[in-house]
file entry-v2.cif (mmCIF, C-alpha atoms and all ligand atoms)
data_structure
#
loop_
_atom_site.label_atom_id
_atom_site.label_comp_id
_atom_site.auth_asym_id
_atom_site.auth_seq_id
_atom_site.Cartn_x
_atom_site.Cartn_y
_atom_site.Cartn_z
CA MET A 1 134.44 68.28 107.41
CA LEU A 2 130.96 69.20 108.55
CA ARG A 3 128.74 70.06 105.61
CA ALA A 4 125.29 71.59 105.52
CA ARG A 5 122.72 69.75 103.39
CA ARG A 6 123.18 70.26 99.64
CA ALA A 7 119.95 72.23 99.41
CA VAL A 8 121.22 74.66 102.06
CA GLN A 9 124.67 75.00 100.54
CA SER A 10 123.21 76.12 97.23
CA MET A 11 120.88 78.70 98.82
CA GLU A 12 121.62 82.39 98.77
CA GLN A 13 121.48 84.14 102.13
CA TYR A 14 118.58 86.55 102.52
CA SER A 15 119.87 89.71 104.17
CA PRO A 16 117.22 92.41 104.35
CA PRO A 17 118.67 95.88 105.02
CA LEU A 18 117.98 95.91 108.77
CA ASP A 19 120.90 98.05 109.93
CA GLU A 20 120.85 101.81 110.53
CA ARG A 21 117.08 102.08 110.41
CA SER A 22 116.73 105.44 112.07
CA GLY A 23 114.11 107.86 110.76
CA LEU A 24 110.54 107.30 109.61
CA ARG A 25 110.55 103.55 108.89
CA LEU A 26 108.51 103.03 105.74
CA ASP A 27 110.72 100.21 104.50
CA PHE A 28 109.38 97.02 106.17
CA ASN A 29 105.59 97.49 106.15
CA GLU A 30 105.54 97.76 109.93
CA ASN A 31 103.05 99.71 111.99
CA CYS A 32 104.90 103.02 112.49
CA VAL A 33 103.37 103.99 115.83
CA GLY A 34 103.50 100.67 117.65
CA CYS A 35 101.02 98.49 119.44
CA SER A 36 97.83 99.34 121.34
CA PRO A 37 98.46 101.15 124.65
CA ARG A 38 96.70 98.22 126.35
CA VAL A 39 99.38 95.86 125.03
CA LEU A 40 102.11 98.16 126.28
CA ALA A 41 100.50 98.34 129.72
CA ARG A 42 100.35 94.53 129.86
CA LEU A 43 103.99 94.35 128.82
CA CYS A 44 104.96 96.65 131.66
CA SER A 45 103.08 94.47 134.16
CA ILE A 46 105.09 91.33 133.36
CA LYS A 47 106.96 89.94 136.38
CA ALA A 48 110.12 87.87 136.70
CA ASP A 49 107.96 84.94 137.67
CA ASP A 50 106.04 85.15 134.37
CA LEU A 51 109.28 84.77 132.48
CA ALA A 52 110.45 81.85 134.57
CA CYS A 53 107.87 79.42 133.26
CA TYR A 54 107.47 77.86 129.85
CA PRO A 55 104.76 79.51 127.77
CA GLU A 56 101.33 77.90 127.68
CA ARG A 57 99.92 78.45 124.24
CA LYS A 58 96.58 76.68 124.44
CA PRO A 59 94.36 79.14 126.37
CA VAL A 60 95.41 82.00 124.12
CA GLU A 61 94.99 79.82 121.05
CA THR A 62 91.40 79.12 122.15
CA LEU A 63 90.76 82.84 122.58
CA VAL A 64 92.22 83.66 119.15
CA ALA A 65 90.23 80.83 117.54
CA SER A 66 87.02 82.25 118.93
CA PHE A 67 87.99 85.73 117.68
CA LEU A 68 88.45 84.21 114.20
CA GLN A 69 85.21 82.21 114.51
CA LEU A 70 87.17 78.98 114.21
CA ILE A 71 87.52 76.06 116.61
CA PRO A 72 90.79 75.75 118.58
CA GLU A 73 91.77 72.59 116.68
CA GLN A 74 91.91 74.67 113.48
CA VAL A 75 94.32 77.22 114.93
CA LEU A 76 98.02 77.24 115.78
CA LEU A 77 99.77 80.28 117.19
CA THR A 78 103.17 80.69 115.57
CA ASN A 79 106.36 82.67 115.99
CA GLY A 80 105.25 85.19 113.40
CA ALA A 81 103.66 84.23 110.09
CA ASP A 82 107.18 83.22 109.09
CA GLU A 83 107.03 80.19 111.36
CA ALA A 84 103.68 79.21 109.86
CA ILE A 85 105.32 79.12 106.42
CA HIS A 86 108.30 77.22 107.80
CA LEU A 87 106.10 74.61 109.50
CA LEU A 88 104.13 73.98 106.32
CA CYS A 89 107.36 73.42 104.40
CA GLU A 90 108.66 71.05 107.08
CA THR A 91 105.39 69.13 107.23
CA TYR A 92 104.66 68.68 103.55
CA LEU A 93 107.87 68.88 101.53
CA ASP A 94 110.24 66.06 100.72
CA GLU A 95 113.33 66.51 98.58
CA GLY A 96 112.30 66.71 94.93
CA ASP A 97 108.72 67.79 95.65
CA GLU A 98 107.52 70.89 93.85
CA VAL A 99 106.42 74.20 95.32
CA LEU A 100 104.53 76.73 93.23
CA LEU A 101 105.22 80.37 94.03
CA THR A 102 104.04 83.43 92.20
CA VAL A 103 106.72 86.05 91.58
CA PRO A 104 107.29 88.69 92.70
CA SER A 105 106.28 87.79 96.25
CA TYR A 106 107.50 87.50 99.83
CA SER A 107 111.09 86.19 100.03
CA MET A 108 110.74 83.73 102.91
CA TYR A 109 108.62 81.28 100.87
CA ARG A 110 111.57 80.55 98.63
CA ILE A 111 113.94 80.23 101.57
CA TYR A 112 111.97 77.81 103.73
CA ALA A 113 110.85 75.75 100.73
CA GLY A 114 114.33 75.77 99.18
CA ALA A 115 115.94 74.54 102.41
CA THR A 116 113.90 71.32 102.29
CA GLY A 117 115.38 70.39 98.91
CA ALA A 118 112.05 70.87 97.16
CA ARG A 119 112.05 72.29 93.65
CA ILE A 120 110.68 75.81 93.41
CA VAL A 121 108.57 76.58 90.38
CA SER A 122 108.14 80.32 89.97
CA VAL A 123 105.09 81.61 88.16
CA PRO A 124 105.30 85.25 87.08
CA GLY A 125 102.18 87.28 87.74
CA PHE A 126 101.55 90.84 88.77
CA HIS A 127 97.85 89.98 88.41
CA PHE A 128 97.03 86.69 90.11
CA PRO A 129 98.07 84.07 87.51
CA LEU A 130 95.53 81.31 88.20
CA SER A 131 95.73 79.61 84.80
CA SER A 132 99.56 79.76 84.68
CA LEU A 133 99.70 78.26 88.18
CA LEU A 134 97.31 75.45 87.23
CA ALA A 135 99.35 74.79 84.08
CA LYS A 136 102.45 74.15 86.23
CA VAL A 137 100.81 71.62 88.56
CA THR A 138 102.31 68.11 88.45
CA ASP A 139 101.84 65.06 90.65
CA ARG A 140 104.88 66.29 92.66
CA THR A 141 103.22 69.62 93.53
CA ARG A 142 102.90 69.61 97.33
CA LEU A 143 102.73 73.27 98.32
CA ILE A 144 101.38 76.45 96.74
CA VAL A 145 101.80 79.78 98.54
CA VAL A 146 99.94 82.95 97.68
CA ALA A 147 100.32 86.21 99.58
CA ASN A 148 96.97 87.99 99.51
CA PRO A 149 97.36 90.95 99.28
CA ASN A 150 100.66 90.26 97.64
CA ASN A 151 103.93 91.78 98.82
CA PRO A 152 105.47 93.84 97.15
CA THR A 153 102.61 94.75 94.78
CA GLY A 154 99.66 95.07 97.18
CA ALA A 155 97.54 93.26 94.55
CA LEU A 156 94.61 91.02 95.53
CA ALA A 157 93.72 87.61 94.14
CA PRO A 158 89.99 86.96 93.70
CA GLN A 159 88.60 84.70 96.40
CA SER A 160 87.07 82.42 93.74
CA ASP A 161 90.52 81.91 92.16
CA LEU A 162 92.05 80.92 95.50
CA LEU A 163 89.29 78.42 96.18
CA GLN A 164 89.50 77.01 92.67
CA LEU A 165 93.25 76.57 93.17
CA ALA A 166 92.76 74.66 96.42
CA GLU A 167 90.06 72.47 94.91
CA SER A 168 92.05 71.73 91.76
CA VAL A 169 95.21 70.59 93.55
CA PRO A 170 94.04 68.36 96.43
CA GLN A 171 97.50 66.77 96.80
CA ALA A 172 99.06 70.14 97.71
CA ALA A 173 98.79 72.36 100.76
CA VAL A 174 97.55 75.76 99.59
CA LEU A 175 98.64 78.55 101.91
CA VAL A 176 96.97 81.93 101.58
CA ASP A 177 99.22 84.32 103.47
CA GLU A 178 96.96 87.09 104.76
CA ALA A 179 99.67 89.08 106.57
CA TYR A 180 98.00 92.29 105.33
CA TYR A 181 94.40 91.13 105.82
CA GLU A 182 93.40 94.03 108.07
CA PHE A 183 94.12 96.51 105.28
CA SER A 184 92.28 94.58 102.56
CA GLY A 185 89.36 93.13 104.52
CA ARG A 186 89.37 90.07 102.21
CA THR A 187 89.85 86.59 103.59
CA VAL A 188 89.32 82.91 102.89
CA ILE A 189 89.68 81.95 106.55
CA ASP A 190 85.99 81.06 106.71
CA LYS A 191 86.53 78.50 103.93
CA ILE A 192 89.02 76.39 105.88
CA ALA A 193 86.41 73.98 107.20
CA ALA A 194 85.15 73.22 103.70
CA ASN A 195 88.60 72.57 102.16
CA SER A 196 90.87 69.74 103.22
CA ASN A 197 94.08 71.45 101.99
CA LEU A 198 93.50 75.19 102.54
CA PHE A 199 95.58 77.09 105.13
CA VAL A 200 95.57 80.75 106.10
CA ALA A 201 98.42 82.63 107.80
CA ARG A 202 97.90 85.89 109.68
CA THR A 203 100.25 88.09 111.67
CA PHE A 204 100.25 90.56 114.54
CA SER A 205 103.34 92.23 113.02
CA LYS A 206 101.52 94.66 110.73
CA ALA A 207 98.21 96.30 111.72
CA TYR A 208 98.67 95.31 115.38
CA GLY A 209 102.18 96.82 115.60
CA MET A 210 103.77 93.82 117.33
CA ALA A 211 106.48 92.73 114.86
CA GLY A 212 109.05 92.69 117.67
CA LEU A 213 107.00 90.22 119.72
CA ARG A 214 106.93 87.67 116.86
CA ILE A 215 103.44 86.31 116.84
CA GLY A 216 101.28 84.97 114.06
CA ILE A 217 98.50 82.50 113.32
CA LEU A 218 98.14 79.48 111.12
CA GLY A 219 94.60 78.32 110.46
CA GLY A 220 93.88 75.07 108.65
CA PRO A 221 91.83 71.87 108.48
CA VAL A 222 91.75 69.97 111.79
CA GLU A 223 93.26 66.76 110.41
CA GLN A 224 96.21 68.61 108.86
CA MET A 225 96.74 70.84 111.89
CA GLN A 226 97.39 67.67 113.88
CA MET A 227 100.31 66.95 111.54
CA LEU A 228 101.66 70.50 111.93
CA ARG A 229 101.46 70.29 115.72
CA LYS A 230 103.76 67.28 115.58
CA VAL A 231 106.44 69.38 113.90
CA CYS A 232 105.96 72.47 116.06
CA SER A 233 107.67 73.12 119.40
CA PRO A 234 105.16 73.31 122.28
CA TYR A 235 107.03 76.49 123.30
CA ASN A 236 107.25 78.17 119.88
CA VAL A 237 105.48 81.34 121.00
CA ASN A 238 107.14 83.28 123.79
CA GLN A 239 105.50 84.05 127.10
CA VAL A 240 105.57 87.82 126.64
CA ALA A 241 103.68 87.60 123.35
CA LEU A 242 101.13 85.22 124.90
CA LYS A 243 100.55 87.58 127.83
CA CYS A 244 99.97 90.52 125.49
CA LEU A 245 97.91 88.86 122.80
CA PRO A 246 94.50 88.88 124.53
CA ASP A 247 94.76 92.65 124.99
CA ALA A 248 95.80 93.10 121.37
CA VAL A 249 92.83 91.09 120.12
CA GLU A 250 90.38 92.81 122.46
CA ASP A 251 91.48 96.31 121.50
CA GLN A 252 89.88 96.34 118.07
CA GLU A 253 89.23 100.04 118.48
CA TYR A 254 92.97 100.60 118.21
CA VAL A 255 93.35 98.31 115.18
CA ASN A 256 90.41 99.97 113.41
CA TRP A 257 91.88 103.40 114.09
CA TYR A 258 95.25 102.40 112.64
CA VAL A 259 93.72 100.68 109.61
CA ASP A 260 91.67 103.83 108.88
CA GLN A 261 94.82 105.93 109.08
CA VAL A 262 96.59 103.59 106.66
CA LYS A 263 93.75 103.49 104.15
CA SER A 264 93.47 107.21 104.06
CA SER A 265 97.27 107.57 103.80
CA ARG A 266 97.36 105.03 101.00
CA SER A 267 94.91 106.96 98.85
CA GLN A 268 96.77 110.18 99.63
CA LEU A 269 100.05 108.62 98.50
CA GLU A 270 98.46 107.16 95.38
CA ASN A 271 97.01 110.60 94.54
CA GLU A 272 100.46 112.07 94.98
CA PHE A 273 101.99 109.50 92.64
CA ARG A 274 99.39 110.41 90.02
CA ALA A 275 100.14 114.11 90.47
CA LEU A 276 103.87 113.46 90.07
CA GLU A 277 103.20 111.09 87.15
CA ILE A 278 104.85 108.20 88.95
CA GLU A 279 103.49 104.82 87.94
CA TYR A 280 102.30 102.63 90.86
CA TRP A 281 100.39 99.44 91.68
CA PRO A 282 96.98 100.15 93.26
CA SER A 283 97.41 98.59 96.69
CA HIS A 284 95.19 96.73 99.16
CA ALA A 285 97.90 96.64 101.83
CA ASN A 286 99.85 99.14 103.94
CA PHE A 287 102.37 99.93 101.23
CA VAL A 288 102.51 101.05 97.62
CA LEU A 289 104.95 99.88 94.95
CA ALA A 290 106.03 102.75 92.71
CA ARG A 291 108.15 102.97 89.58
CA ILE A 292 111.02 105.33 90.22
CA GLY A 293 112.98 104.18 87.18
CA ASP A 294 116.77 104.17 86.86
CA PRO A 295 117.67 106.26 89.88
CA THR A 296 116.19 103.93 92.54
CA ARG A 297 119.39 103.86 94.58
CA ALA A 298 119.78 107.62 94.48
CA PHE A 299 116.08 107.96 95.34
CA VAL A 300 116.27 105.64 98.35
CA LYS A 301 119.43 107.39 99.55
CA ALA A 302 117.96 110.87 99.11
CA MET A 303 114.77 109.83 100.94
CA LYS A 304 116.91 108.48 103.77
CA GLU A 305 118.72 111.82 103.94
CA GLN A 306 115.28 113.38 104.37
CA GLY A 307 114.69 110.98 107.28
CA VAL A 308 112.34 108.60 105.43
CA LEU A 309 113.30 104.95 104.88
CA VAL A 310 111.81 103.24 101.81
CA ARG A 311 112.69 99.91 100.18
CA ASP A 312 114.25 99.36 96.78
CA ARG A 313 112.58 96.25 95.32
CA SER A 314 114.72 96.20 92.16
CA SER A 315 116.06 92.73 92.92
CA ASP A 316 112.56 91.20 92.91
CA PHE A 317 111.34 89.54 89.74
CA GLY A 318 110.06 92.19 87.28
CA CYS A 319 110.64 95.04 89.75
CA LYS A 320 113.79 96.72 88.45
CA GLY A 321 113.33 100.42 89.09
CA TRP A 322 110.48 99.93 91.59
CA VAL A 323 110.46 101.11 95.20
CA ARG A 324 108.04 99.99 97.91
CA ILE A 325 106.85 102.60 100.36
CA SER A 326 104.89 101.66 103.47
CA VAL A 327 102.15 103.95 104.75
CA GLY A 328 101.32 104.73 108.35
CA THR A 329 99.41 107.54 110.02
CA LYS A 330 98.27 110.72 108.27
CA GLU A 331 100.98 112.60 110.15
CA HIS A 332 103.64 110.24 108.78
CA THR A 333 102.18 110.56 105.34
CA ALA A 334 102.49 114.34 105.43
CA ARG A 335 106.21 113.90 106.22
CA LEU A 336 106.55 111.26 103.51
CA ILE A 337 104.90 113.40 100.86
CA GLU A 338 107.01 116.42 101.73
CA ALA A 339 110.19 114.34 101.32
CA LEU A 340 108.88 112.69 98.16
CA ARG A 341 108.12 116.01 96.46
CA LEU A 342 111.55 117.36 97.30
CA VAL A 343 113.49 114.27 96.23
CA TRP A 344 111.44 113.78 93.08
CA SER A 345 112.00 117.38 92.01
CA GLU A 346 115.76 117.00 92.61
CA ILE A 347 115.74 113.85 90.49
CA ALA A 348 113.83 115.69 87.74
CA VAL A 349 116.41 118.51 87.81
CA GLY A 350 119.23 115.92 87.67
CA ARG A 351 117.57 114.36 84.60
CA GLU A 352 117.23 117.71 82.86
CA THR A 353 120.87 118.69 83.45
CA ALA A 354 121.98 115.25 82.23
CA VAL A 355 120.16 115.79 78.88
C1 LIG B 401 103.44 88.44 102.93
C2 LIG B 401 104.16 88.36 104.22
N1 LIG B 401 104.01 87.27 104.98
C3 LIG B 401 104.64 87.17 106.16
C4 LIG B 401 105.45 88.16 106.64
C5 LIG B 401 106.16 87.98 107.95
O1 LIG B 401 105.28 88.15 109.00
P1 LIG B 401 105.75 87.89 110.50
O2 LIG B 401 106.39 89.13 110.99
O3 LIG B 401 104.48 87.57 111.20
O4 LIG B 401 106.69 86.73 110.48
C6 LIG B 401 105.63 89.32 105.89
C7 LIG B 401 106.50 90.39 106.39
O5 LIG B 401 106.83 91.34 105.75
C8 LIG B 401 104.97 89.42 104.65
O6 LIG B 401 105.11 90.49 103.87
#
call {"tool": "encode", "arguments": {"input": "entry-v2.cif", "output": "structure tokens", "more": "lines below"}}
Ligand SMILES: Cc1ncc(COP(=O)(O)O)c(C=O)c1O
result
Amino acid sequence: MLRARRAVQSMEQYSPPLDERSGLRLDFNENCVGCSPRVLARLCSIKADDLACYPERKPVETLVASFLQLIPEQVLLTNGADEAIHLLCETYLDEGDEVLLTVPSYSMYRIYAGATGARIVSVPGFHFPLSSLLAKVTDRTRLIVVANPNNPTGALAPQSDLLQLAESVPQAAVLVDEAYYEFSGRTVIDKIAANSNLFVARTFSKAYGMAGLRIGILGGPVEQMQMLRKVCSPYNVNQVALKCLPDAVEDQEYVNWYVDQVKSSRSQLENEFRALEIEYWPSHANFVLARIGDPTRAFVKAMKEQGVLVRDRSSDFGCKGWVRISVGTKEHTARLIEALRLVWSEIAVGRETAV
């Protein structure tokens, strides 16, 4: 009988709630209005002939590298940031190696690392746990992944901590996943050249509104990027995404507009949580994690009935009773807050009648 590898057999399947997502989608930290109109125009101009040939990644990679003030050899375009994580796991992990992950954090780290047969060492930390991470390092530690800002908390790790981590563990690849960089403005991408084991992942799925096109970036030291290119398909990024990417990068006016909308929405939502006396994590991303308490399921369901999708994070480490709500434009936020007030007051009434 055909059998998957032992590491795969023992994995749990990750099934995010992707079905029936109609309404205001504040459940997956996507851009809620979509990409720049320039990207859409480019998309509409694509011809049958464009789709007939294999994608050529290099010219767009060069353009993106220059946008990031890196050299092309330091940059690999990937099929979303997810592929960047996957490639790092495939390049650096042997069975029995150790991977350090902070928890709670983004689920795909565990999945890609777990599938290699590496041992996952989880380090709890709602605030970046530098000393606990360093305490768990062994000579088998080969990969450390930090989402910055973190998902689902929106918390930021200090740049000095990230650099200290990379310097202290030279035998491990240290990936700083900056999927939400545009909302935080903090990066270590400019430190890649000075660190032989530091990688940065970015994505066009969030601020740029292109999650459906699947395109991301991995930046890293030239010598190591040569290793990653060996593992990567030359056709990993699709032609449509490559055609659209130059427009996306050039239209910074659009990205800045959307980021401004998100930042203002985020403070509005945080103010609302304070007014409703709902505990939350101050966020540097395009979402806020809030403590709803016992009735998370009822809350998520009631919000959905109001046409607003939010994400129950109760199954994440230390997040029982917490719900993550993405923020988009000010207009979306007005709809969100209206629904939130209504649902929260219904929950409060339910609590009172239960007493
Ligand atoms: C921290 C983090 N990294 C990566 C991703 C995935 O990004 P992409 O759509 O580019 O694969 C997500 C998506 O939610 C995320 O939260």
call {"tool": "closest_residue", "arguments": {"input": "entry-v2.cif", "among": "A:Tyr14, A:Tyr208, A:Tyr254, A:Phe28", "to": "ligand LIG 401 (chain B)", "atoms": "only C-alpha atoms and all ligand atoms"}}
result
A:Phe28
call {"tool": "atom_distance", "arguments": {"input": "entry-v2.cif", "atom1": "CA of Glu305 in chain A", "atom2": "CA of Cys319 in chain A"}}
result
23.4 Å
call {"tool": "closest_residue", "arguments": {"input": "entry-v2.cif", "among": "A:Leu68, A:Val200, A:Val75, A:Val255", "to": "ligand LIG 401 (chain B)", "atoms": "only C-alpha atoms and all ligand atoms"}}
result
A:Val200
call {"tool": "atom_distance", "arguments": {"input": "entry-v2.cif", "atom1": "CA of Val262 in chain A", "atom2": "CA of Val327 in chain A"}}
result
5.9 Å
call {"tool": "residues_near_ligand", "arguments": {"input": "entry-v2.cif", "ligand": "ligand LIG 401 (chain B)", "cutoff": "6 Å", "atoms": "only C-alpha atoms and all ligand atoms", "output": "list in words"}}
result
Gly80, Ala81, Asp82, Tyr106, Ala147, Asn151, Asp177, Ala179, Thr203, Ser205, Ala211, Ile215 and Gly216 of chain A
